[in-house]
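Next comes query11.cif, with mmCIF, C-alpha atoms.
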```cif
data_final
loop_
_atom_site.label_atom_id
_atom_site.label_comp_id
_atom_site.auth_asym_id
_atom_site.auth_seq_id
_atom_site.Cartn_x
_atom_site.Cartn_y
_atom_site.Cartn_z
CA MET A 1 -18.27 69.06 -96.28
CA LYS A 2 -16.11 66.53 -94.50
CA SER A 3 -13.19 68.94 -94.47
CA VAL A 4 -15.39 71.65 -92.98
CA ARG A 5 -16.34 69.35 -90.11
CA MET A 6 -12.71 68.47 -89.57
CA MET A 7 -11.78 72.14 -89.51
CA LEU A 8 -14.60 72.83 -87.05
CA VAL A 9 -13.50 70.00 -84.76
CA LEU A 10 -9.90 71.16 -85.00
CA ALA A 11 -10.95 74.73 -84.17
CA ILE A 12 -12.91 73.48 -81.14
CA VAL A 13 -9.95 71.42 -79.95
CA VAL A 14 -7.52 74.30 -80.43
CA GLY A 15 -9.90 76.74 -78.75
CA GLY A 16 -10.32 74.39 -75.84
CA ALA A 17 -6.58 73.97 -75.52
CA VAL A 18 -6.07 77.73 -75.62
CA ALA A 19 -8.80 78.21 -73.02
CA MET A 20 -7.22 75.58 -70.78
CA TRP A 21 -3.82 77.21 -71.18
CA LEU A 22 -5.22 80.64 -70.36
CA TRP A 23 -7.05 79.19 -67.34
CA TRP A 24 -3.86 77.51 -66.18
CA GLN A 25 -1.91 80.74 -66.57
CA HIS A 26 -4.56 82.63 -64.58
CA ALA A 27 -4.59 79.97 -61.86
CA GLU A 28 -0.81 80.20 -61.63
CA LYS A 29 -0.93 83.95 -61.04
CA TYR A 30 -4.16 84.05 -59.03
CA PRO A 31 -4.44 80.86 -56.92
CA SER A 32 -7.86 80.47 -55.35
CA THR A 33 -9.77 78.14 -53.07
CA ASP A 34 -13.33 77.75 -51.87
CA ASP A 35 -12.15 75.84 -48.80
CA ALA A 36 -12.17 79.02 -46.71
CA TYR A 37 -14.08 80.18 -43.64
CA VAL A 38 -14.62 83.50 -41.88
CA GLY A 39 -13.01 83.83 -38.45
CA ALA A 40 -12.93 86.26 -35.54
CA ASN A 41 -11.88 86.25 -31.90
CA ILE A 42 -14.48 84.64 -29.65
CA ILE A 43 -14.30 85.47 -25.95
CA SER A 44 -16.00 83.26 -23.38
CA ILE A 45 -17.75 85.47 -20.84
CA ALA A 46 -17.58 84.14 -17.28
CA PRO A 47 -17.86 85.78 -13.84
CA GLN A 48 -14.81 85.87 -11.60
CA VAL A 49 -16.91 85.25 -8.48
CA SER A 50 -19.83 82.97 -7.71
CA GLY A 51 -23.27 84.33 -6.96
CA LEU A 52 -26.86 84.86 -8.04
CA VAL A 53 -27.61 86.80 -11.22
CA GLU A 54 -29.49 89.97 -10.31
CA LEU A 55 -29.61 91.69 -13.69
CA VAL A 56 -29.07 90.71 -17.35
CA LYS A 57 -28.63 93.75 -19.57
CA VAL A 58 -27.94 92.11 -22.95
CA LYS A 59 -29.74 89.82 -25.35
CA GLU A 60 -28.77 87.40 -28.09
CA GLY A 61 -27.18 89.10 -31.09
CA GLN A 62 -26.82 92.49 -29.39
CA HIS A 63 -23.87 94.70 -30.32
CA VAL A 64 -21.99 95.96 -27.25
CA LYS A 65 -19.11 98.31 -26.65
CA ALA A 66 -16.05 97.64 -24.51
CA GLY A 67 -16.84 98.41 -20.86
CA GLU A 68 -20.60 98.09 -21.31
CA VAL A 69 -22.37 96.19 -18.50
CA LEU A 70 -23.40 92.67 -19.57
CA PHE A 71 -24.90 91.35 -16.34
CA ALA A 72 -24.62 91.84 -12.59
CA LEU A 73 -24.62 89.52 -9.60
CA ASN A 74 -26.24 90.18 -6.23
CA ALA A 75 -23.62 92.44 -4.64
CA ALA A 76 -24.92 92.31 -1.03
CA PRO A 77 -22.60 89.46 0.12
CA PHE A 78 -19.60 91.23 -1.39
CA ARG A 79 -20.54 94.57 0.21
CA ASN A 80 -20.91 92.84 3.58
CA ALA A 81 -17.52 91.20 3.19
CA LYS A 82 -15.98 94.58 2.41
CA VAL A 83 -17.60 96.20 5.48
CA GLN A 84 -16.32 93.37 7.67
CA ALA A 85 -12.82 93.69 6.25
CA GLU A 86 -12.87 97.46 6.84
CA ALA A 87 -13.96 96.96 10.46
CA SER A 88 -11.23 94.39 11.11
CA LEU A 89 -8.62 96.70 9.63
CA ALA A 90 -9.86 99.62 11.72
CA VAL A 91 -9.54 97.61 14.94
CA LEU A 92 -5.99 96.62 14.09
CA ASN A 93 -5.06 100.17 13.07
CA ASN A 94 -6.40 101.50 16.39
CA GLY A 95 -4.08 99.18 18.29
CA GLU A 96 -1.03 99.98 16.19
CA GLU A 97 -0.08 103.23 17.97
CA PRO A 98 -0.30 101.77 21.52
CA ALA A 99 1.86 98.88 20.38
CA ARG A 100 4.39 101.30 18.93
CA GLN A 101 4.39 103.31 22.17
CA GLN A 102 4.92 100.10 24.11
CA VAL A 103 8.00 99.36 22.01
CA ALA A 104 9.29 102.89 22.62
CA ALA A 105 8.69 102.56 26.37
CA ALA A 106 10.48 99.20 26.45
CA ALA A 107 13.42 100.70 24.55
CA ALA A 108 13.56 103.59 27.05
CA ALA A 109 13.48 101.10 29.92
CA VAL A 110 16.46 99.28 28.38
CA THR A 111 18.35 102.56 28.13
CA SER A 112 17.54 103.39 31.77
CA ALA A 113 18.51 99.93 32.97
CA ARG A 114 21.84 100.13 31.14
CA ALA A 115 22.50 103.52 32.72
CA ALA A 116 21.76 102.03 36.15
CA LEU A 117 24.09 99.13 35.39
CA ASN A 118 26.89 101.50 34.37
CA ALA A 119 26.41 103.47 37.60
CA ALA A 120 26.46 100.26 39.66
CA LYS A 121 29.64 99.13 37.92
CA ALA A 122 31.29 102.50 38.58
CA GLN A 123 30.32 102.32 42.27
CA PHE A 124 31.65 98.78 42.53
CA ASP A 125 34.94 99.84 40.97
CA ARG A 126 35.27 102.75 43.42
CA ASP A 127 34.46 100.58 46.44
CA THR A 128 36.93 97.94 45.28
CA ALA A 129 39.67 100.59 44.97
CA LEU A 130 38.83 101.98 48.44
CA LEU A 131 38.93 98.48 49.89
CA ALA A 132 42.42 98.00 48.48
CA ARG A 133 43.55 101.19 50.22
CA GLY A 134 41.79 100.19 53.46
CA SER A 135 39.26 103.02 53.19
CA ALA A 136 36.20 100.74 52.68
CA SER A 137 34.90 97.61 54.29
CA THR A 138 34.33 94.25 52.67
CA ALA A 139 30.61 94.57 53.35
CA THR A 140 30.51 97.75 51.29
CA VAL A 141 32.12 95.99 48.30
CA GLN A 142 29.72 93.07 48.63
CA ASN A 143 26.79 95.45 48.64
CA SER A 144 28.17 97.16 45.53
CA ARG A 145 28.55 93.77 43.82
CA ALA A 146 24.96 92.85 44.72
CA ALA A 147 23.72 96.17 43.40
CA MET A 148 25.62 95.62 40.15
CA ALA A 149 24.15 92.14 39.77
CA GLN A 150 20.69 93.52 40.42
CA ALA A 151 21.26 96.21 37.79
CA GLN A 152 22.38 93.54 35.30
CA ALA A 153 19.21 91.59 36.00
CA GLY A 154 17.25 94.79 35.36
CA VAL A 155 18.96 95.17 31.96
CA ASP A 156 18.19 91.57 31.05
CA GLN A 157 14.57 91.98 32.07
CA ALA A 158 14.22 95.26 30.14
CA GLN A 159 15.76 93.71 27.02
CA ALA A 160 13.38 90.74 27.24
CA ALA A 161 10.46 93.14 27.57
CA LEU A 162 11.69 95.06 24.49
CA VAL A 163 11.97 91.86 22.43
CA ALA A 164 8.44 90.86 23.47
CA ALA A 165 7.05 94.33 22.66
CA GLN A 166 8.80 94.36 19.28
CA ALA A 167 7.48 90.88 18.48
CA GLN A 168 3.97 91.96 19.43
CA PHE A 169 4.30 95.07 17.26
CA ASN A 170 5.58 93.03 14.29
CA ASP A 171 2.73 90.55 14.71
CA ARG A 172 0.24 93.43 14.65
CA GLN A 173 1.90 94.80 11.53
CA ASN A 174 1.49 91.40 9.87
CA GLN A 175 -2.15 91.30 10.93
CA ILE A 176 -2.67 94.76 9.46
CA ALA A 177 -1.06 93.70 6.18
CA SER A 178 -3.29 90.61 6.09
CA ALA A 179 -6.37 92.71 6.84
CA GLN A 180 -5.42 95.16 4.09
CA ALA A 181 -5.11 92.28 1.63
CA GLN A 182 -8.50 90.94 2.72
CA LEU A 183 -10.01 94.39 2.22
CA ALA A 184 -8.45 94.66 -1.24
CA THR A 185 -9.81 91.22 -2.12
CA ALA A 186 -13.27 92.14 -0.83
CA ASP A 187 -13.20 95.36 -2.83
CA LEU A 188 -12.09 93.45 -5.93
CA ASN A 189 -14.83 90.83 -5.50
CA LEU A 190 -17.37 93.64 -5.18
CA SER A 191 -16.20 95.05 -8.49
CA TYR A 192 -16.40 91.56 -10.03
CA ALA A 193 -20.12 91.45 -9.19
CA THR A 194 -20.64 93.63 -12.28
CA VAL A 195 -19.45 91.96 -15.49
CA THR A 196 -18.58 94.23 -18.41
CA ALA A 197 -17.67 93.62 -22.03
CA PRO A 198 -13.90 93.23 -22.52
CA ALA A 199 -14.12 94.44 -26.14
CA ASP A 200 -16.53 95.60 -28.83
CA GLY A 201 -18.50 92.65 -30.10
CA ILE A 202 -21.72 90.71 -30.60
CA ILE A 203 -23.40 88.61 -27.92
CA ALA A 204 -23.78 84.96 -28.92
CA ASN A 205 -25.07 81.74 -27.38
CA LEU A 206 -26.76 83.60 -24.54
CA ASP A 207 -28.86 81.53 -22.15
CA LEU A 208 -28.70 83.48 -18.90
CA ARG A 209 -31.65 84.56 -16.78
CA GLN A 210 -32.15 86.63 -13.67
CA GLY A 211 -31.95 84.53 -10.50
CA ALA A 212 -29.63 81.92 -11.98
CA ALA A 213 -26.79 80.70 -9.76
CA VAL A 214 -23.43 80.94 -11.51
CA ALA A 215 -20.00 79.69 -10.52
CA ALA A 216 -16.75 81.56 -10.81
CA TYR A 217 -14.92 81.11 -14.13
CA GLN A 218 -17.77 79.06 -15.61
CA PRO A 219 -18.41 80.27 -19.20
CA LEU A 220 -21.95 81.56 -19.63
CA PHE A 221 -22.02 82.89 -23.19
CA ALA A 222 -19.74 84.19 -25.93
CA LEU A 223 -18.71 87.57 -27.26
CA VAL A 224 -17.64 87.70 -30.91
CA GLU A 225 -15.19 90.57 -31.37
CA THR A 226 -16.02 92.89 -34.25
CA ALA A 227 -12.74 94.80 -34.42
CA ASP A 228 -10.73 92.08 -36.13
CA TRP A 229 -11.97 89.71 -38.85
CA TRP A 230 -10.10 87.29 -41.08
CA VAL A 231 -10.58 84.36 -43.42
CA ASP A 232 -8.72 81.08 -42.99
CA ALA A 233 -8.25 79.76 -46.53
CA ASN A 234 -6.96 76.22 -47.03
CA PHE A 235 -4.77 76.25 -50.15
CA LYS A 236 -3.22 73.24 -51.84
CA GLU A 237 0.45 72.72 -51.09
CA THR A 238 1.19 73.22 -54.80
CA ASP A 239 -0.10 76.83 -54.48
CA LEU A 240 2.07 77.79 -51.50
CA PRO A 241 5.32 78.54 -53.40
CA ARG A 242 3.59 81.53 -55.02
CA ILE A 243 1.84 82.86 -51.89
CA ARG A 244 3.65 85.25 -49.57
CA PRO A 245 2.60 87.41 -46.58
CA GLY A 246 1.61 90.90 -47.69
CA GLN A 247 0.01 89.88 -51.00
CA PRO A 248 -3.48 91.27 -51.68
CA ALA A 249 -6.46 88.96 -51.83
CA THR A 250 -10.09 89.09 -52.91
CA ILE A 251 -12.75 87.43 -50.77
CA ALA A 252 -16.28 86.47 -51.73
CA VAL A 253 -18.45 85.27 -48.83
CA ASP A 254 -21.31 82.89 -49.63
CA MET A 255 -23.73 84.60 -47.25
CA MET A 256 -23.14 87.92 -49.04
CA PRO A 257 -23.76 87.19 -52.74
CA GLY A 258 -22.56 89.87 -55.11
CA THR A 259 -20.29 91.41 -52.48
CA SER A 260 -16.51 91.29 -52.72
CA MET A 261 -14.06 92.26 -49.99
CA THR A 262 -10.33 92.81 -50.03
CA GLY A 263 -7.70 91.57 -47.66
CA THR A 264 -4.02 90.84 -47.20
CA VAL A 265 -2.18 87.59 -46.63
CA ALA A 266 -1.18 87.72 -42.96
CA THR A 267 0.30 84.32 -42.11
CA ILE A 268 0.83 80.89 -43.59
CA SER A 269 0.45 77.89 -41.32
CA PRO A 270 3.70 76.02 -40.58
CA GLY A 271 1.87 72.70 -40.85
CA SER A 272 -0.93 71.13 -42.83
CA GLY A 273 -4.39 70.61 -41.43
CA ALA A 274 -3.71 66.90 -41.01
CA THR A 275 -0.63 67.66 -38.92
CA PHE A 276 -2.68 69.38 -36.22
CA ALA A 277 -5.48 66.80 -36.26
CA LEU A 278 -6.22 64.86 -33.09
CA LEU A 279 -5.30 61.65 -34.93
CA PRO A 280 -2.70 62.55 -37.60
CA ALA A 281 -2.68 60.41 -40.72
CA GLN A 282 -0.19 57.53 -40.73
CA ASN A 283 1.20 56.73 -44.17
CA ALA A 284 3.49 53.86 -43.18
CA SER A 285 1.27 51.11 -44.62
CA GLY A 286 1.61 49.48 -48.00
CA ASN A 287 -1.76 50.86 -49.12
CA TRP A 288 -0.52 54.43 -49.19
CA VAL A 289 -2.20 56.81 -51.62
CA LYS A 290 -0.75 60.29 -52.13
CA VAL A 291 -3.19 63.04 -51.23
CA THR A 292 -2.48 66.71 -51.89
CA GLN A 293 -2.29 68.42 -48.52
CA ARG A 294 -3.81 71.78 -47.68
CA PHE A 295 -2.28 74.54 -45.57
CA ALA A 296 -4.18 77.30 -43.80
CA VAL A 297 -3.45 80.81 -45.11
CA ARG A 298 -4.90 83.59 -42.95
CA ILE A 299 -6.26 86.57 -44.88
CA ARG A 300 -6.74 89.71 -42.82
CA LEU A 301 -9.79 91.64 -44.05
CA ASP A 302 -9.20 95.31 -44.84
CA THR A 303 -12.76 96.55 -44.24
CA PRO A 304 -14.99 93.83 -42.75
CA ALA A 305 -18.67 94.06 -43.64
CA PRO A 306 -21.15 94.33 -40.74
CA GLU A 307 -23.01 91.28 -42.10
CA LEU A 308 -20.08 88.93 -41.52
CA ARG A 309 -20.62 85.89 -39.33
CA VAL A 310 -18.01 83.56 -37.88
CA GLY A 311 -17.71 80.26 -39.73
CA GLY A 312 -19.22 81.50 -43.01
CA SER A 313 -17.92 79.88 -46.19
CA ALA A 314 -15.89 81.99 -48.59
CA MET A 315 -13.95 81.96 -51.84
CA VAL A 316 -10.44 83.45 -51.66
CA THR A 317 -8.24 84.50 -54.56
CA VAL A 318 -4.69 85.70 -53.94
CA ASP A 319 -3.04 88.13 -56.34
CA THR A 320 0.59 86.94 -56.63
CA VAL A 321 1.39 89.44 -59.40
CA SER A 322 0.71 92.88 -57.93
CA GLY A 323 1.73 91.56 -54.52
CA ALA A 324 5.13 90.39 -55.74
CA SER A 325 6.90 93.44 -54.30
CA ALA A 326 5.55 92.64 -50.82
CA ALA A 327 6.60 89.01 -51.09
CA GLY A 328 10.16 89.35 -49.96
CA THR A 329 10.27 86.50 -47.43
CA THR A 330 9.69 82.80 -47.57
CA PRO A 331 6.70 81.60 -45.53
#
```

Represent the structure from my file as structure tokens, please.
Amino acid sequence: MKSVRMMLVLAIVVGGAVAMWLWWQHAEKYPSTDDAYVGANIISIAPQVSGLVELVKVKEGQHVKAGEVLFALNAAPFRNAKVQAEASLAVLNNGEEPARQQVAAAAAAVTSARAALNAAKAQFDRDTALLARGSASTATVQNSRAAMAQAQAGVDQAQAALVAAQAQFNDRQNQIASAQAQLATADLNLSYATVTAPADGIIANLDLRQGAAVAAYQPLFALVETADWWVDANFKETDLPRIRPGQPATIAVDMMPGTSMTGTVATISPGSGATFALLPAQNASGNWVKVTQRFAVRIRLDTPAPELRVGGSAMVTVDTVSGASAAGTTP
């Protein structure tokens, strides 16, 4: 009887050892962790202009498509600003052609004045030659010199008028460019009065009502993107040597009991969670105790379930055996 009990105890011990060995072998090939959480891109929705909310077209938890209207501000001030900018631009455009014609007239006047100066110089040269031969009087030469000086003054005056006309035309061109920019800004602000969804997603943390005053770039609520879901699983550092990007993984989410999803290892964090903490741990004291660190491994979900919610707890198991062919690089 005693030997039977000993055999039974021995069988239990051996069975337990075999079970532990099998569990260890499985854990080596299929590392897992329950320190994992569902993640997705969260976009803060904020207007790009300040104003009063005129219309709210979404509600908490609503699914929206990219480009769908979320809410709208009172557009009257922005329409008025656009009308004013259009009127200012029209006034400047109406004065552009007269200013251009004024430049052309000033340029023609310079050409005419230079022609008159050339004629005066030619007359002066002829009178000077005649005076040398005794065929002209000194008074005639003096008159020719005075006429040439007057023609030179006419050229100088015409050139000054051309410079002034060109400067006035350039100033108008700058004013037109500024008015065009103001019109473009007014048109852009008018378009900003209607806020649309930047991507497909779910409305979250919505507390916006008609008539509320909102400021530009002030976040009002969130949009959780539904196109891309992942799980951030925090594995022990002793598991990392066997995990590589591209390996398949199985995910069980706590909020979806009985449901299993598949995914692929996308990235492995270059630092532990403690490394990126606001106050990293300091192990320089004499009371140091070694603690196994954990590193975030991002698992990209193949086919996310519609019931997923950001922040949900999950259990992740990575298959390092069938994924060995994809594990060609070191994380």

Using the chain letters and numbers from the file, which residues does the PyMOL selection byres ((chain A and resi 205) around 8) grab, as a list in words?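 With the PyMOL selection byres ((chain A and resi 205) around 8) on this model, the match is Glu60, Ile203, Ala204, Leu206, Asp207, Phe221 and Ala222 of chain A.
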
Need the shell around Thr185 of chain A: protein/DNA/RNA residues with any atom at most 10 Å away, counting only C-alpha atoms. Skip same-chain ones fewer than 6 positions apart. Format as an mmCIF file with C-alpha atoms, in the coordinates of the input?
```
data_model
loop_
_atom_site.group_PDB
_atom_site.id
_atom_site.type_symbol
_atom_site.label_atom_id
_atom_site.label_comp_id
_atom_site.auth_asym_id
_atom_site.auth_seq_id
_atom_site.Cartn_x
_atom_site.Cartn_y
_atom_site.Cartn_z
ATOM 1 C CA PHE A 78 -19.600 91.230 -1.390
ATOM 2 C CA ALA A 81 -17.520 91.200 3.190
ATOM 3 C CA LYS A 82 -15.980 94.580 2.410
ATOM 4 C CA ALA A 85 -12.820 93.690 6.250
ATOM 5 C CA ALA A 179 -6.370 92.710 6.840
ATOM 6 C CA SER A 191 -16.200 95.050 -8.490
#
```

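The space separating atom CA of Gly258 of chain A from atom CA of Met315 of chain A comes to 12.1 Å.
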
Quick one: apply the PyMOL selection byres ((chain A and resi 158) around 9) to the file and drop the selected residues here as a PDB file with C-alpha atoms, in the frame of the given file.
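Written file, out.pdb:
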```
ATOM      1  CA  ALA A 106      10.480  99.200  26.450  1.00  0.00           C
ATOM      2  CA  ALA A 107      13.420 100.700  24.550  1.00  0.00           C
ATOM      3  CA  ALA A 108      13.560 103.590  27.050  1.00  0.00           C
ATOM      4  CA  ALA A 109      13.480 101.100  29.920  1.00  0.00           C
ATOM      5  CA  VAL A 110      16.460  99.280  28.380  1.00  0.00           C
ATOM      6  CA  THR A 111      18.350 102.560  28.130  1.00  0.00           C
ATOM      7  CA  SER A 112      17.540 103.390  31.770  1.00  0.00           C
ATOM      8  CA  ALA A 113      18.510  99.930  32.970  1.00  0.00           C
ATOM      9  CA  ALA A 153      19.210  91.590  36.000  1.00  0.00           C
ATOM     10  CA  GLY A 154      17.250  94.790  35.360  1.00  0.00           C
ATOM     11  CA  VAL A 155      18.960  95.170  31.960  1.00  0.00           C
ATOM     12  CA  ASP A 156      18.190  91.570  31.050  1.00  0.00           C
ATOM     13  CA  GLN A 157      14.570  91.980  32.070  1.00  0.00           C
ATOM     14  CA  GLN A 159      15.760  93.710  27.020  1.00  0.00           C
ATOM     15  CA  ALA A 160      13.380  90.740  27.240  1.00  0.00           C
ATOM     16  CA  ALA A 161      10.460  93.140  27.570  1.00  0.00           C
ATOM     17  CA  LEU A 162      11.690  95.060  24.490  1.00  0.00           C
ATOM     18  CA  VAL A 163      11.970  91.860  22.430  1.00  0.00           C
TER      19      VAL A 163
END
```

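What the PyMOL selection byres ((chain A and resi 62) around 12) grabs from this file is A:Lys57, A:Val58, A:Lys59, A:Glu60, A:Gly61, A:His63, A:Val64, A:Lys65, A:Glu68, A:Leu70, A:Ala197, A:Asp200, A:Gly201, A:Ile202, A:Ile203, A:Ala204, A:Asn205, A:Leu206, A:Ala222, A:Leu223, A:Val224, A:Glu225, A:Thr226.
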
Requested write-out: C-alpha atoms of the selected residues, as an mmCIF file, keeping the file's coordinate frame:
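The file below, result.cif, is the result:
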```cif
data_model
loop_
_atom_site.group_PDB
_atom_site.id
_atom_site.type_symbol
_atom_site.label_atom_id
_atom_site.label_comp_id
_atom_site.auth_asym_id
_atom_site.auth_seq_id
_atom_site.Cartn_x
_atom_site.Cartn_y
_atom_site.Cartn_z
ATOM 1 C CA LYS A 57 -28.630 93.750 -19.570
ATOM 2 C CA VAL A 58 -27.940 92.110 -22.950
ATOM 3 C CA LYS A 59 -29.740 89.820 -25.350
ATOM 4 C CA GLU A 60 -28.770 87.400 -28.090
ATOM 5 C CA GLY A 61 -27.180 89.100 -31.090
ATOM 6 C CA HIS A 63 -23.870 94.700 -30.320
ATOM 7 C CA VAL A 64 -21.990 95.960 -27.250
ATOM 8 C CA LYS A 65 -19.110 98.310 -26.650
ATOM 9 C CA GLU A 68 -20.600 98.090 -21.310
ATOM 10 C CA LEU A 70 -23.400 92.670 -19.570
ATOM 11 C CA ALA A 197 -17.670 93.620 -22.030
ATOM 12 C CA ASP A 200 -16.530 95.600 -28.830
ATOM 13 C CA GLY A 201 -18.500 92.650 -30.100
ATOM 14 C CA ILE A 202 -21.720 90.710 -30.600
ATOM 15 C CA ILE A 203 -23.400 88.610 -27.920
ATOM 16 C CA ALA A 204 -23.780 84.960 -28.920
ATOM 17 C CA ASN A 205 -25.070 81.740 -27.380
ATOM 18 C CA LEU A 206 -26.760 83.600 -24.540
ATOM 19 C CA ALA A 222 -19.740 84.190 -25.930
ATOM 20 C CA LEU A 223 -18.710 87.570 -27.260
ATOM 21 C CA VAL A 224 -17.640 87.700 -30.910
ATOM 22 C CA GLU A 225 -15.190 90.570 -31.370
ATOM 23 C CA THR A 226 -16.020 92.890 -34.250
#
```

Would you mind reading off the distance between atom CA of Arg126 of chain A and atom CA of Gln142 of chain A, one decimal, in Å?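 Spanning atom CA of Arg126 of chain A to atom CA of Gln142 of chain A is a straight-line distance of 12.3 Å.
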
Pro257 of chain A environment, 12 Å, all atoms listed in the file, sequence neighbours closer than 2 positions dropped, as a ChimeraX atom specification: /A:251-255,259-261,307-308,313-315

Give me the residues of segment 141-211 of chain A that have any atom at most 8 Å from an atom of segment 90-102 of chain A; for each, the nearest atom pair and the distance in Å, rounded to one decimal. Use all atoms listed in the file, sort by chain and number, and format it as JSON lines.
```
{"residue": "A:Ala165", "atom": "CA", "partner": "A:Gln102", "partner_atom": "CA", "distance": 6.3}
{"residue": "A:Gln168", "atom": "CA", "partner": "A:Ala99", "partner_atom": "CA", "distance": 7.3}
{"residue": "A:Phe169", "atom": "CA", "partner": "A:Ala99", "partner_atom": "CA", "distance": 5.5}
{"residue": "A:Arg172", "atom": "CA", "partner": "A:Glu96", "partner_atom": "CA", "distance": 6.8}
{"residue": "A:Gln173", "atom": "CA", "partner": "A:Glu96", "partner_atom": "CA", "distance": 7.6}
{"residue": "A:Gln175", "atom": "CA", "partner": "A:Leu92", "partner_atom": "CA", "distance": 7.3}
{"residue": "A:Ile176", "atom": "CA", "partner": "A:Leu92", "partner_atom": "CA", "distance": 6.0}
```

Keeping C-alpha atoms for every residue in the selection just given, could you write it to a file as an mmCIF file, in the frame of the given file?
```cif
data_model
loop_
_atom_site.group_PDB
_atom_site.id
_atom_site.type_symbol
_atom_site.label_atom_id
_atom_site.label_comp_id
_atom_site.auth_asym_id
_atom_site.auth_seq_id
_atom_site.Cartn_x
_atom_site.Cartn_y
_atom_site.Cartn_z
ATOM 1 C CA ALA A 165 7.050 94.330 22.660
ATOM 2 C CA GLN A 168 3.970 91.960 19.430
ATOM 3 C CA PHE A 169 4.300 95.070 17.260
ATOM 4 C CA ARG A 172 0.240 93.430 14.650
ATOM 5 C CA GLN A 173 1.900 94.800 11.530
ATOM 6 C CA GLN A 175 -2.150 91.300 10.930
ATOM 7 C CA ILE A 176 -2.670 94.760 9.460
#
```

Shortest interatomic distance to Val321 of chain A - which of A:Ala72, A:Ala305, A:Ala296, A:Lys29, counting only C-alpha atoms: A:Lys29
